[in-house]
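**Student:** Quick one: structure below, then a few questions.
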Amino acid sequence: MLLRKLSQSSALCGSILRIPPGLSRGQRHAGAVVAVQNPRLYASQAAEAVLEKTAAVGSDAAAKVDKTVSTESKSYAVNIFKGQIATAQVFPFPSALNEEQEQFLRELVGPVDKFFLEVNDAAKNDSLEKVEDDTMQGLKEMGAFGLQVPSDLGGLGLSNTQYARLVEIVGTYDLGVGITLGAHQSIGFKGILLFGNPAQKAKYLPKLATAETIAAFCLTEPASGSDAASIKTTAVQSPCGKFFTLNGSKIWISNGGLAEIFTVFAKTPMKDPKTGEMKDKISAFVVERSFGGVTSGPPEKKMGIKASNTAEVYFDNVRVPADCLLGELGEGFKVAMNILNNGRFGMAAALSGTMKGVISKAVDHAANRTQFGNKIHNYGVIQEKVARMAMLQYVTESMAYMISGNMDSGAKEFQIEAAISKIFASEAAWTVTDECVQVMGGMGYMKDTGLERVMRDLRIFRIFEGTNDILRLFVALNGFQNAGNQLKSLQKALKNPIGNAGMLAGEITKRVKRKAGLSTGLTLQGTVHPELAHSGELTTKAIEQFGGVTEELLLKHGKKIIDEQFVLSRVADCAIDLYAMVVVLSRASRALSQGSATAQHEKMLCDTWCEEAHDRILRDIKSLRSSQSGQLFKNMRAISAAVVENGGVVAPPALGF
C-alpha cells in the first residue's frame with residue numbers, strides 16, 4: 001500500500017546533539033536515535049487516488065514496503081530523498097544499442113525524417129483536424145504504428161531507445177501526428193504488450209502493428225480525471241463466468257472515434273477474502289468495437305493537437321468475453337499505471353525533438369535579422385535566451401535517453417525518474433517555444449511561421465497522462481515513502497544496537513555533519529569526468545542538503561505530510577533539478593571521455609545548468625526550512641478561499657466602479 005501518513009517523531013538531529021555523556025559507546029550510538037518513533041505506514045483510498053496508486057507503479061518494490069527496507073534501491077531518484085547517491089542507473093550514460101540495433105536504427109532515421117519533411121504537412125493536418133489520408137497510409141507502410149511490437153507479430157520490434165529516437169523525429173515536425181501514433185501504441189495497446197497473455201498478443205498485435213485496427217486507452221471519465229479511483233464504468237461478471245457486461249462512458253479519448261480496439265478500465269465487484277464483503281476493484285479489459293454496444297461521439301473541438309482524433313466513447317451493455325481480461329481481476333490500477341509509467345520517456349523524447357525544431361527557427365532568425373546595425377544574435381539578451389533554450393533541450397534529451405537506456409538494460413525502478421521527465425519536458429518545451437516566439441518577434445506571432453500551432457499543441461502536455469501538479473505530488477510522496485522506510489530500518493536496527501553499532505554510528509555521524517553544514521562524505525569523484533569535478537561537487541552538496549530537509553520535513557509534519565502540498569511541490573522541484581543535474585553530468589562526462597567534437601560545448605551546458613540548479617535547490621531548501629514560508633502558505637490558502645467564496649477576485653475595481 002502507498003504511504004498515506006507517517007506518525008510524528010521527535011526531531012532526530014536534535015536528539016543527536018543531546019547524547020548523555022555517561023553512556024557507553026554502544027549506548028551512545030543507540031541513544032542518538034532512540035527518540036525516533038516507529039514510522040507507521042497508513043493507507044487510504046483517497047491518497048491512492050491522488051497519487052495515482054504508487055503501489056501500482058513500476059516494480060513491486062513500491063508496493064511491498066518491508067521488501068524495500070531490506071533491499072537497496074538502485075534508483076538515483078529514490079536515493080536522493082535519503083541523502084544518498086546511487087550511480088548504477090546514471091553512470092555511465094547508457095549505451096543501450098548493440099551493433100545490429102544501431103545499424104537498423106540508422107537505416108530508419110533517414111527515411112522517417114524525409115517522410116515528415118517532404119510528405120507530412122503539419123499545417124494542413126491542423127487545418128483539416130485530421131491526419132491526411134496519404135500521410136496515414138504512408139505511416140502504415142513504414143510500420144510506424146507497430147514500432148515496439150515484436151517482429152514475429154508483424155512489428156518492427158524496436159527497443160525503448162530505438163523507439164525514442166524515432167519519436168523524437170515525429171515530435172520535431174508534428175505533435176498532432178505524434179499523439180495519433182502515441183495514443184495507439186504508447187498507451188492504446190501497450191497494456192497488451194506488457195500484460196497480455198500469449199493468446200491475446202497473437203490475436204491482437206499483428207493487426208495493431210499494421211494499423212489495420214487502431215487502439216485507444218480508455219480511463220478518463222466525466223467525474224474522474226486525476227482521481228482515477230473514482231471511475232463509474234462497471235464490468236459485472238456473468239454467473240457462468242464466461243463474460244462481463246460493460247457499462248459506462250469515457251471522455252477525451254485520443255483515437256476514440258477511430259479505434260477498433262480499446263483498453264478499458266472498469267470497476268468489477270469482488271469478494272474480499274478476509275471479510276467476505278463485496279468490494280469494487282478496478283480491472284482492465286481489451287474491448288472490441290465489434291462486440292456491439294460500443295459507440296463514439298463526434299470529434300472534440302480542441303485548442304491544439306487538432307490532427308489527432310479525440311472523442312467520447314460509450315459502452316452500453318457490452319458483452320466482453322472473460323478471456324479479454326487484461327492482467328488479473330482487480331489489478332486494473334497496476335495495469336493502467338504501468339502503461340503510463342512505461343510510456344512517459346517517449347513524451348520526453350518527442351518534446352526534445354520539438355525543442356530542436358523551434359530552436360532552429362529561432363537561431364535562423366537571430367542569425368539573419370539585423371537591428372541597430374548588427375545581427376541580433378550578437379546581443380546579450382538574445383544570447384541568454386538561445387543559451388537557456390539549448391540547455392533545456394539538452395537536459396530533456398538527456399533524461400529521455402537515460403530512462404530509455406535504463407529500461408532497455410532491465411531496470412525495474414524508474415517511476416520517479418519517468419514522472420520527472422514528463423514534468424520537465426512538458427514545461428521546458430513550452431518555455432523554449434515561447435522564447436522562440438519572443439526571439440522572432442512579430443514574425444514568430446504570425447501563423448505561417450508555425451509556432452502558434454506548436455504552442456497550441458504543447459499546452460496539453462502538462463495536463464494529460466498525469467497532470468504535472470499531480471505528478472509533483474507523486475514524485476515527492478514516493479520519495480518520502482522511501483525516506484520513511486529508511487527511518488523504519490533504523491528503528492529495527494535499534495532492536496540490536498550492539499550488532500548494528502557500525503551502521504548506527506554511520507547514520508549518527510552523517511546527521512551530525514549534515515546539521516553542522518559539513519560534508520557527509522558523498523562524492524562523485526572518479527565517476528564524473530575530472531573536468532566536471534566542480535559540477536559534481538555542487539550536485540553532491542545539494543543532495544546532502546536535500547536529504548537533510550527531507551528527513552526534517554518527515555519528522556516535522558508526520559502523518560500530515562500528505563496534506564502539505566505547498567511543501568510537496570517545492571520538494572518535487574528540488575528532486576527534478578537534482579535529476580537534471582546528474583543526467584547532464586553523465587552525458588557530458590561521456591562526451592569528454594570519448595573526446596567528442598562537441599565535448600567542450602556539452603561541458604558548458606552541464607556546468608551552467610548545474611551552477612544555476614544548485615542555487616535553485618538551496619533557495620528552495622532555505623524556504624522549506626523558514627518559518628516565514630509557513631505564513632506565506634497560510635496567506636495563499638486564505639487568499640484562495642476568499643476568491644473561491646466570492647466567485648472571482650475580491651478586491652473592488654481600482655476606480656471603485
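Labeling convention for the C-alpha cells: chains A, B, ... as they appear, residues from 1 per chain, ligands from 1 in order of appearance.
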Residues near Ser249 in chain A, anyone? I mean within 8 Å using only C-alpha atoms, not counting same-chain ones fewer than 3 positions away, as a PyMOL selection string.

**Tutor:** chain A and resi 221+233+312-315

**Student:** Please produce an output containing N, CA, C and O atoms for each residue in the selection, written as a PDB file, in the first residue's frame.

**Tutor:**
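The resulting out.pdb:
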```pdb
ATOM      1  N   GLU A 221     -12.982   9.717 -17.216  1.00  0.00           N
ATOM      2  CA  GLU A 221     -14.442   9.820 -17.250  1.00  0.00           C
ATOM      3  C   GLU A 221     -14.865  11.230 -16.853  1.00  0.00           C
ATOM      4  O   GLU A 221     -14.043  12.002 -16.329  1.00  0.00           O
ATOM      5  N   THR A 233     -17.549   3.535 -14.593  1.00  0.00           N
ATOM      6  CA  THR A 233     -17.783   2.448 -15.538  1.00  0.00           C
ATOM      7  C   THR A 233     -17.689   1.106 -14.814  1.00  0.00           C
ATOM      8  O   THR A 233     -16.786   0.885 -14.002  1.00  0.00           O
ATOM      9  N   GLU A 312     -15.589  11.117 -27.174  1.00  0.00           N
ATOM     10  CA  GLU A 312     -16.169  10.383 -26.066  1.00  0.00           C
ATOM     11  C   GLU A 312     -16.518   8.980 -26.570  1.00  0.00           C
ATOM     12  O   GLU A 312     -16.904   8.801 -27.728  1.00  0.00           O
ATOM     13  N   VAL A 313     -16.359   7.992 -25.702  1.00  0.00           N
ATOM     14  CA  VAL A 313     -16.652   6.602 -26.064  1.00  0.00           C
ATOM     15  C   VAL A 313     -17.671   6.043 -25.068  1.00  0.00           C
ATOM     16  O   VAL A 313     -17.532   6.228 -23.855  1.00  0.00           O
ATOM     17  N   TYR A 314     -18.709   5.382 -25.605  1.00  0.00           N
ATOM     18  CA  TYR A 314     -19.803   4.881 -24.777  1.00  0.00           C
ATOM     19  C   TYR A 314     -19.845   3.352 -24.826  1.00  0.00           C
ATOM     20  O   TYR A 314     -19.650   2.746 -25.884  1.00  0.00           O
ATOM     21  N   PHE A 315     -20.139   2.751 -23.680  1.00  0.00           N
ATOM     22  CA  PHE A 315     -20.260   1.300 -23.577  1.00  0.00           C
ATOM     23  C   PHE A 315     -21.642   0.981 -22.997  1.00  0.00           C
ATOM     24  O   PHE A 315     -21.925   1.297 -21.836  1.00  0.00           O
TER      25      PHE A 315
END
```

**Student:** Set the distance at 8 Å and use only C-alpha atoms: which residues neighbour Gln525 in chain A once local chain neighbours fewer than 5 positions away are removed? I'd like the list as a PyMOL selection string.

**Tutor:** chain A and resi 530+533+536

**Student:** Pick the closest to Asp113 in chain A from A:Arg456, A:Arg388, A:Arg637, A:Arg165: which is it, counting only C-alpha atoms?

**Tutor:**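 Closest candidate: A:Arg165.
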
**Student:** Can you pull out every residue within 6 Å of Gly256 in chain A, counting only C-alpha atoms, but drop anything in the same chain fewer than 2 positions away, and send it as a list in words?

**Tutor:**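 Those residues are Ile253, Ser254, Leu258, Ala259, Thr310 and Ala311 of chain A.
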
**Student:** So which bits of range 477-654 of chain A end up helix (DSSP H, G or I) when you DSSP the backbone, as a ChimeraX atom specification?

**Tutor:** /A:477-493,501-515,530-563,565-593,599-625,627-646

**Student:** Extract, using only C-alpha atoms, all DNA, RNA and protein residues at most 12 Å from Leu139 in chain A, discarding same-chain residues fewer than 6 positions from it, and format them as a list in words.

**Tutor:**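 Non-adjacent residues within range: Pro111, Val112, Asp113, Phe115, Phe116, Val119, Asn120, Val131, Glu132, Asp133, Phe145, Gly146, Leu147, Val170, Val177, Gly178, Thr180, Leu181, Ala209, Thr210, Ala211 and Glu212 of chain A.
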
**Student:** At what distance in Å, to one decimal, does CA of Ile85 in chain A lie from CA of Ile543 in chain A?

**Tutor:** 7.8 Å

**Student:** Taking into account only C-alpha atoms, which residue in the set A:Arg514, A:His534, A:His365, A:Lys560 is nearest to Cys606 in chain A?

**Tutor:**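 Closest to Cys606 in chain A, using only C-alpha atoms: A:His534.
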
**Student:** Go through A:Ala654, A:Leu518, A:Leu153, A:Val90 and flag the residue nearest Met399 in chain A, using only C-alpha atoms for the distances.

**Tutor:**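 Under the stated criterion, the closest residue is A:Val90.
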
**Student:** What's the separation between CA of Ile470 in chain A and CA of Val567 in chain A, in Å to one decimal place?

**Tutor:** 13.5 Å

**Student:** Give me, please, the distance in Å between CA of Val363 in chain A and CA of Val381 in chain A, quoted to one decimal.

**Tutor:** 13.5 Å

**Student:** Considering only C-alpha atoms, state which residue in the set A:Gly502, A:Gly225, A:Gly304, A:Gly171 is at the smallest distance from Ala425 in chain A.

**Tutor:**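 Result for the nearest residue to Ala425 in chain A: A:Gly171.
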
**Student:** Any idea what's packed within 9 Å of range 401-411 of chain A, counting only C-alpha atoms, ignoring anything in its chain fewer than 4 positions away? Could you give it as an NGL selection string?

**Tutor:** :A and (74-75 or 89-90 or 93-97 or 159-165 or 342 or 345-346 or 348-349 or 396-397 or 417-418 or 421 or 583 or 587)

**Student:** Dump C-alpha atoms for the selected residues as a PDB file, in the first residue's frame?

**Tutor:**
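What ended up in result.pdb:
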```
ATOM      1  CA  LYS A  74      19.344   1.297  -7.468  1.00  0.00           C
ATOM      2  CA  SER A  75      17.183   4.272  -8.404  1.00  0.00           C
ATOM      3  CA  GLN A  89      21.459   3.724 -13.223  1.00  0.00           C
ATOM      4  CA  VAL A  90      23.007   7.098 -14.101  1.00  0.00           C
ATOM      5  CA  PHE A  93      25.468   7.405 -19.678  1.00  0.00           C
ATOM      6  CA  PRO A  94      23.594   4.442 -21.213  1.00  0.00           C
ATOM      7  CA  SER A  95      24.906   2.847 -24.360  1.00  0.00           C
ATOM      8  CA  ALA A  96      21.833   0.752 -24.952  1.00  0.00           C
ATOM      9  CA  LEU A  97      22.185  -0.268 -28.592  1.00  0.00           C
ATOM     10  CA  SER A 159      13.858  -1.288 -28.134  1.00  0.00           C
ATOM     11  CA  ASN A 160      12.854   1.676 -25.977  1.00  0.00           C
ATOM     12  CA  THR A 161      15.936   3.615 -27.084  1.00  0.00           C
ATOM     13  CA  GLN A 162      15.248   2.972 -30.767  1.00  0.00           C
ATOM     14  CA  TYR A 163      11.633   3.986 -30.229  1.00  0.00           C
ATOM     15  CA  ALA A 164      12.728   7.198 -28.500  1.00  0.00           C
ATOM     16  CA  ARG A 165      14.886   8.219 -31.463  1.00  0.00           C
ATOM     17  CA  ASN A 342       6.248   2.840 -19.213  1.00  0.00           C
ATOM     18  CA  PHE A 345      10.036   8.616 -21.536  1.00  0.00           C
ATOM     19  CA  GLY A 346       8.560   8.779 -25.044  1.00  0.00           C
ATOM     20  CA  ALA A 348      10.353  13.497 -23.195  1.00  0.00           C
ATOM     21  CA  ALA A 349      11.927  12.181 -26.395  1.00  0.00           C
ATOM     22  CA  THR A 396      15.271  16.937 -21.724  1.00  0.00           C
ATOM     23  CA  GLU A 397      17.013  14.818 -24.332  1.00  0.00           C
ATOM     24  CA  GLU A 417      12.543   9.394 -12.992  1.00  0.00           C
ATOM     25  CA  ALA A 418       9.838   8.837 -15.629  1.00  0.00           C
ATOM     26  CA  SER A 421      10.984  13.539 -17.294  1.00  0.00           C
ATOM     27  CA  VAL A 583      21.800  13.292 -16.316  1.00  0.00           C
ATOM     28  CA  ARG A 587      26.142  12.751 -20.664  1.00  0.00           C
TER      29      ARG A 587
END
```

**Student:** Extract, using only C-alpha atoms, all DNA, RNA and protein residues at most 12 Å from Thr354 in chain A, discarding same-chain residues fewer than 5 positions from it, and format them as a PyMOL selection string.

**Tutor:** chain A and resi 167-176+178+347-349+359-361+389+392-393+396-397+425-426+428-433+436+450-451+453-455+457-458
